[in-house]
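Beneath this line is the structure, given in structure tokens, with notes to follow.
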Amino acid sequence: MKAKDIMVTEVLTVKQHATIKEIARVLIDNKISGVPVVDEAGHLMGMVTEGDLLHKETNPRLPDAVNILGAIIYYHGIEQYNEDFKKMMASQALNIMTEKVITVTPEEEVPEIAKLMLAHGIKRVPVMEGERIIGIISRADIVKCLL
């Protein structure tokens, strides 16, 4: 079985300048946990998930640091801290989205998609044909294959 056999073809998206409130409304109203972000031409730019929106309600995760003679030296997690801070301050999809989106083609085999999801800790993958989103697959879509 391939991606094209199980993907949902009616993909909800938000534009890059959608507000946090608009994104939250799309997620809640449609009972989904993430939505692709597209530019004006419809090209995939990123993904906003409930996890991304949680940053609006939390403080950034502090990076690991060591204090040597009064100087604080960060040695792990500074990139994560910067990303958390950026998302905490975000007001639009463009600022809060995860930019590195794992995607698949319509011909990708379902077991490979499941491996990608597990390996990257993601819950959904857009199905792409060139630069166009033609579908989306969630974990639930893969679980349905077990029936």
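Starting from 1 in every chain, residues are counted up; chains themselves are A, B, ... following the order of the structure tokens, and ligands are numbered from 1 as listed.
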
7 Å contact set for stretch 12-25 of chain A, only C-alpha atoms, chain neighbours under 3 positions out, as a VMD selection string: chain A and resid 28 to 29 35 to 40 91 to 94

Residue with the minimum atom-to-atom distance to A:Ala114, picked from A:Asp141, A:Glu131, A:Glu99, A:Asp52 with only C-alpha atoms counted, is A:Asp141

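For the pair atom CA of A:Met97 and atom CA of A:Thr49, the interatomic distance is 7.7 Å.
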
Residues near A:Ser33, cut-off 9 Å, only C-alpha atoms, skip fewer than 6 positions along chain, as a VMD selection string: chain A and resid 27 48 to 51 123 to 124

Produce a file of the selected residues containing N, CA and C atoms, as a JSON list (two decimals), in the first residue's frame.
[["chain", "number", "residue", "atom", "x", "y", "z"],
["A", 27, "LEU", "N", -7.32, 24.53, 14.04],
["A", 27, "LEU", "CA", -7.04, 23.25, 14.71],
["A", 27, "LEU", "C", -8.24, 22.77, 15.52],
["A", 48, "VAL", "N", 2.49, 24.04, 11.40],
["A", 48, "VAL", "CA", 2.22, 24.49, 12.76],
["A", 48, "VAL", "C", 1.42, 23.40, 13.45],
["A", 49, "THR", "N", 1.89, 23.00, 14.62],
["A", 49, "THR", "CA", 1.23, 21.96, 15.39],
["A", 49, "THR", "C", 0.81, 22.50, 16.75],
["A", 50, "GLU", "N", 0.01, 21.70, 17.44],
["A", 50, "GLU", "CA", -0.35, 22.05, 18.81],
["A", 50, "GLU", "C", 0.91, 22.24, 19.64],
["A", 51, "GLY", "N", 1.91, 21.42, 19.40],
["A", 51, "GLY", "CA", 3.18, 21.54, 20.13],
["A", 51, "GLY", "C", 3.83, 22.89, 19.93],
["A", 123, "LYS", "N", 3.51, 13.45, 13.73],
["A", 123, "LYS", "CA", 2.18, 12.86, 13.70],
["A", 123, "LYS", "C", 1.51, 12.94, 12.35],
["A", 124, "ARG", "N", 2.10, 13.70, 11.42],
["A", 124, "ARG", "CA", 1.51, 13.83, 10.10],
["A", 124, "ARG", "C", 2.59, 14.17, 9.08]]

Using Å and a single decimal, report how far atom CA of A:Cys145 sits from atom CA of A:Val26.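 Calculated distance between atom CA of A:Val26 and atom CA of A:Cys145 is 26.6 Å.
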
Got a sec: who's within 8 Å of A:Val127, counting only C-alpha atoms, leaving out chain neighbours fewer than 5 positions off, as JSON, numbers by chain? {"A": [3, 7, 103, 104, 105, 106, 133, 134, 135, 136, 137]}

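Here the question is which of A:Glu10, A:Arg132, A:Glu107, A:Ile102 gets nearest to A:Ala119 using only C-alpha atoms, and that residue is A:Ile102.
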